[in-house]
Amino acid sequence: MDSMKSLWWSEEVEAIYKSSQKISKAVVLIIIIARTFSLAIWPSYHTLVLWIPTFCTHILIYLFLKSAEYKSAVYKAISILIFAEYWNNISIFIWSPYLQVHSGLAEMFSYISIYHFMIPVVKNQWLWNLFLIKHLYIWHIHKIIIEGEVRLDHVSPFLILVIIIVVCNDRAQFRQSISFERFLYRKELELSRSKLATITQAVENGILIISNEKIEFYNSSILQLLGCEGNNLYSVLQRIEYCLDKKVTKMTNSILLFDDINFALENIINNEICLGITKQGTINLEWRVKKIIWESRPCIFLSIRNANQIIEMESNIANDKMKTILLRSVSHELRTPLTAITHFISEFSEQKKHKLNSEDIEQLAIISTSSKLMLSLINDLLDYSKILAGVFSIRKTYCKFREILKNTCELITIQAKKKKIVFICRVDPTIPEEIYTDSLRLSQVLLNLLSNALKFTMKGRIEISCLIDANGKLKCYVEDTGIGISESMMKKLFIAFSSQNSSSINPNGSGLGLSISNFLVKSLGEHPIKVKSQVGKGSMFWFSIDIFQGKYDQGSYEKINTLEPEELHYFSLSKYERYRSNSWTDVLVVDDDEFNLEVIESILNKYHIKHSKAHSGREAIKSIECRDTKHQFKVILMDCNMPEMDGLETTREIDLLYKEGKIKNMPYIIAHSAYSSDEDRQLCFRSGMSDYLLKPSPPEEIISTINKYL
């Protein structure tokens with residue numbers, strides 16, 4: 001409707017329409033008043049018969065002009081017709097005095113004036129045909145009402161003109177209208193085809209439509225992908241074979257692509273099928289086929305795309321997945337023996353320190369430091385695997401910064417002393433005692449930067465400085481007098497496995513530390529690690545992280561906690577006395593590794609916590625079932641990775657025993673695992689476990705976690 005309206009409606013017609021509203025209303029009012037007076041002065045039967053309906057019609061027309069909203073094209077067209085009708089009445093009064101002839105002749109001239117006035121504006125002659133036919137109809141009604149018949153001698157020149165215009169104009173305008181509409185449709189069709197051609201030629205995918213062994217359509221991309229011309233495209237298509245093990249569809253057993261293409265005609269319309277991969281030189285092509293209706297007949301639509309990037313991406317994803325699995329497995333296997341090493345070294349150092357000489361103590365310290373550095377390397381490998389898998393996460397809590405820094409510096413001090421390098425640690429006293437961050441990640445960053453400085457410093461000093469900047473962020477500087485970094489290496493410094501090529505100086509280093517540290521710093525704060533270096537003189541690394549949970553307010557970050565008398569008494573006890581009160585409680589330790597069992601037993605014995613042990617999930621279930629209901633285990637420390645029945649399955653079995661009423665109380669189960677991803681944690685919690693400990697765990701953390709549930 002809008003498209004047809006646009007053919008005849010224009011700004012000029014809009015202007016006529018607006019002016020016609022006022023003029024038509026005025027003319028109608030004048031005629032109503034004049035005819036009312038004429039009826040009052042000279043009433044006659046014929047006049048009443050003729051003019052009373054006309055009078056009512058004029059009243060309705062006036063009401064229409066007054067009340068209509070003129071929002072649609074129909075209302076606007078009617079308004080113009082009314083305007084033209086009353087323009088005709090005015091024209092008759094204008095022409096009649098000059099012509100001094102029959103009123104029909106004056107009416108003819110009035111219509112000619114309207115025709116010349118309106119034709120340059122209005123494009124659609126159907127509107128005027130309607131107008132002329134209307135007046136012819138009114139004339140017939142007039143003759144029937146007045147004289148009861150229509151005779152030939154009543155036909156005025158006006159009526160002859162009306163008939164000629166209606167007949168001739170109707171035939172010519174009909175042909176013109178049809179021709180014009182065809183012209184518009186042809187233009188729209190050409191525009192649509194032009195747009196379609198632009199789109200099909202622009203896409204990288206090859207497009208081909210086939211019907212009855214004939215190519216109906218193709219774009220330029222398919223010629224480029226297949227390396228052929230349009231005249232031999234069909235023959236090339238018939239010779240294409242699938243790559244080995246790259247056929248996806250099972251429609252036929254043929255290795256020829258064309259056999260499956262023809263078979264696709266038996267398929268459901270618009271049901272797309274991936275045929276498989278073919279090789280064209282170095283390009284892997286993926287073929288997809290669909291049955292469509294093209295020009296009222298079934299055809300085959302083929303879509304071809306270069307699959308090199310997708311295959312490469314899938315290969316990279318598979319490689320990353322394999323790396324993640326390998327790193328996860330290796331790190332787990334490394335953590336297990338490391339748990340025993342770190343624990344027994346610590347125990348031996350504490351128990352035998354009075355019986356050892358200074359050299360033995362120093363050697364034990366080196367072993368302990370090396371094991372902790374090894375743990376740091378394992379953490380780097382684990383973090384890298386998490387980053388590759390997209391499951392890395394930060395866990396911020398309140399922690400003591402000075403304690404974190406002290407533990408880190410102790411590891412570096414021993415190594416620096418061995419290399420006779422001065423190690424300096426400076427801490428701004430305005431740094432709050434407790435900060436809000438991920439303590440494990442912050443410790444990892446500091447250790448990586450300090451280890452890196454120690455690795456490439458042969459003499460001189462290493463210095464770490466920590467302060468609070470103007471924005472309330474913790475800023476740490478690590479400066480050394482080492483070999484320095486060249487500008488070319490500076491660009492690769494934070495890329496994984498691109499450690500500085502200094503094998504002649506120091507062969508150690510996996511090339512992961514700085515890359516992961518940079519990632520951690522951006523996760524803890526907003527900005528990456530910055531570096532400034534000069535070859536032969538040394539380097540300086542620095543970073544800043546957020547350490548406040550809310551908005552930074554200088555001077556208000558120190559919080560004083562008050563303790564109840566009972567809590568004060570509890571913390572005044574020694575850690576041995578503190579747990580002795582729970583000595584009656586039973587704990588079950590489940591682990592398939594004998595070394596891990598000995599470590600946990602050693603820790604529990606030290607804190608006087610009674611316990612039992614099981615070497616497998618099934619043994620743990622038997623121990624729980626054999627226990628008297630009055631002395632059930634309250635806490636189970638469960639290894640997650642065990643043969644036959646792992647920790648998750650064992651936990652679910654214990655939960656089933658409780659639901660079936662075979663055990664009175666459900667024990668608290670603490671996961672003790674070397675897997676540290678969020679997914680592993682969630683699997684543990686979903687199986688029914690209450691808490692999670694990562695191997696190797698410090699003894700204090702193991703005891704405090706167990707004590708929560710005793």
# chains A, B, ... in the order shown; residues from 1 in each chain; ligands from 1

$ residues_around --residues "region 393-409 of chain A" --least-positions-apart "6" --cutoff "8 Å" --atoms "only C-alpha atoms" --output "ChimeraX atom specification"
/A:425,432-439,441,443,446-447,523-524,678

$ residues_around --residues "region 346-357 of chain A" --least-positions-apart "4" --cutoff "12 Å" --atoms "only C-alpha atoms" --output "list in words"
Thr339, Ala340, Ile341, Thr342, Ile361, Glu362, Gln363, Leu364, Ala365, Ile366, Ile367, Ser368, Thr369, Ser371, Lys372, Val599, Ser602, Ile603, Lys606, Pro698 and Pro699 of chain A

$ write_last_selection --atoms "N, CA and C atoms" --output "compact mmCIF listing (two decimals), in the first residue's frame"
# COMPACT_ATOMS: atom_id res chain seq x y z
N THR A 339 55.70 -34.17 49.23
CA THR A 339 55.02 -34.05 50.53
C THR A 339 55.85 -34.70 51.63
N ALA A 340 56.32 -35.90 51.35
CA ALA A 340 57.12 -36.62 52.35
C ALA A 340 58.47 -35.93 52.57
N ILE A 341 59.09 -35.46 51.48
CA ILE A 341 60.42 -34.82 51.60
C ILE A 341 60.35 -33.59 52.49
N THR A 342 59.43 -32.68 52.18
CA THR A 342 59.34 -31.43 52.94
C THR A 342 58.98 -31.67 54.40
N ILE A 361 73.24 -28.44 59.80
CA ILE A 361 72.05 -27.58 59.81
C ILE A 361 71.94 -26.80 58.50
N GLU A 362 73.08 -26.31 58.03
CA GLU A 362 73.10 -25.54 56.78
C GLU A 362 72.71 -26.42 55.59
N GLN A 363 73.21 -27.65 55.59
CA GLN A 363 72.87 -28.57 54.50
C GLN A 363 71.39 -28.95 54.52
N LEU A 364 70.84 -29.14 55.71
CA LEU A 364 69.40 -29.40 55.82
C LEU A 364 68.58 -28.21 55.33
N ALA A 365 69.06 -27.02 55.63
CA ALA A 365 68.37 -25.81 55.17
C ALA A 365 68.37 -25.73 53.65
N ILE A 366 69.50 -26.13 53.05
CA ILE A 366 69.58 -26.13 51.58
C ILE A 366 68.59 -27.14 50.99
N ILE A 367 68.52 -28.34 51.61
CA ILE A 367 67.58 -29.36 51.14
C ILE A 367 66.14 -28.85 51.26
N SER A 368 65.85 -28.23 52.40
CA SER A 368 64.50 -27.70 52.63
C SER A 368 64.17 -26.60 51.62
N THR A 369 65.14 -25.71 51.40
CA THR A 369 64.92 -24.62 50.43
C THR A 369 64.72 -25.17 49.03
N SER A 371 63.57 -28.08 48.16
CA SER A 371 62.26 -28.73 48.05
C SER A 371 61.15 -27.69 47.89
N LYS A 372 61.30 -26.57 48.59
CA LYS A 372 60.29 -25.51 48.47
C LYS A 372 60.35 -24.84 47.10
N VAL A 599 53.46 -39.50 56.61
CA VAL A 599 53.53 -38.05 56.86
C VAL A 599 52.35 -37.61 57.70
N SER A 602 52.49 -38.92 61.22
CA SER A 602 53.49 -38.18 62.00
C SER A 602 52.92 -36.87 62.50
N ILE A 603 52.18 -36.17 61.65
CA ILE A 603 51.59 -34.88 62.04
C ILE A 603 50.53 -35.09 63.11
N LYS A 606 52.02 -36.01 66.46
CA LYS A 606 52.66 -34.86 67.08
C LYS A 606 51.65 -34.02 67.85
N PRO A 698 50.98 -27.58 54.78
CA PRO A 698 51.72 -27.38 56.03
C PRO A 698 51.01 -28.10 57.18
N PRO A 699 51.74 -28.62 58.14
CA PRO A 699 51.11 -29.33 59.27
C PRO A 699 50.06 -28.50 59.99

$ residues_around --residues "Val289 (chain A)" --least-positions-apart "4" --cutoff "7 Å" --atoms "only C-alpha atoms" --output "list of chain:residue names"
A:Ile261, A:Glu272, A:Ile273, A:Cys274, A:Leu275, A:Ile300, A:Phe301, A:Leu302, A:Ser303

$ write_last_selection --atoms "C-alpha atoms" --output "PDB file, in the first residue's frame"
ATOM      1  CA  ILE A 261      26.603 -34.895  -4.018  1.00  0.00           C
ATOM      2  CA  GLU A 272      22.441 -29.471   5.543  1.00  0.00           C
ATOM      3  CA  ILE A 273      24.961 -32.335   5.606  1.00  0.00           C
ATOM      4  CA  CYS A 274      28.724 -32.124   6.076  1.00  0.00           C
ATOM      5  CA  LEU A 275      30.286 -34.392   3.452  1.00  0.00           C
ATOM      6  CA  ILE A 300      21.849 -29.179  -4.902  1.00  0.00           C
ATOM      7  CA  PHE A 301      23.441 -26.312  -3.005  1.00  0.00           C
ATOM      8  CA  LEU A 302      27.149 -26.803  -2.250  1.00  0.00           C
ATOM      9  CA  SER A 303      29.143 -24.719   0.218  1.00  0.00           C
TER      10      SER A 303
END

$ select_by_dssp --residues "region 316-542 of chain A" --states "strand (DSSP E)" --output "ChimeraX atom specification"
/A:397-400,422-427,434-437,461-468,473-480,530-534,538-542

$ atom_distance --atom1 "CA of Asp691 (chain A)" --atom2 "CA of Thr324 (chain A)"
24.9 Å

$ atom_distance --atom1 "CA of Ser385 (chain A)" --atom2 "CA of Trp542 (chain A)"
25.4 Å

$ select_by_dssp --residues "region 257-298 of chain A" --states "helix (DSSP H, G or I)" --output "VMD selection string"
chain A and resid 257 to 266

$ closest_residue --among "A:Val535, A:Ala453, A:Ala470, A:Val427" --to "Gly484 (chain A)" --atoms "only C-alpha atoms"
A:Val535
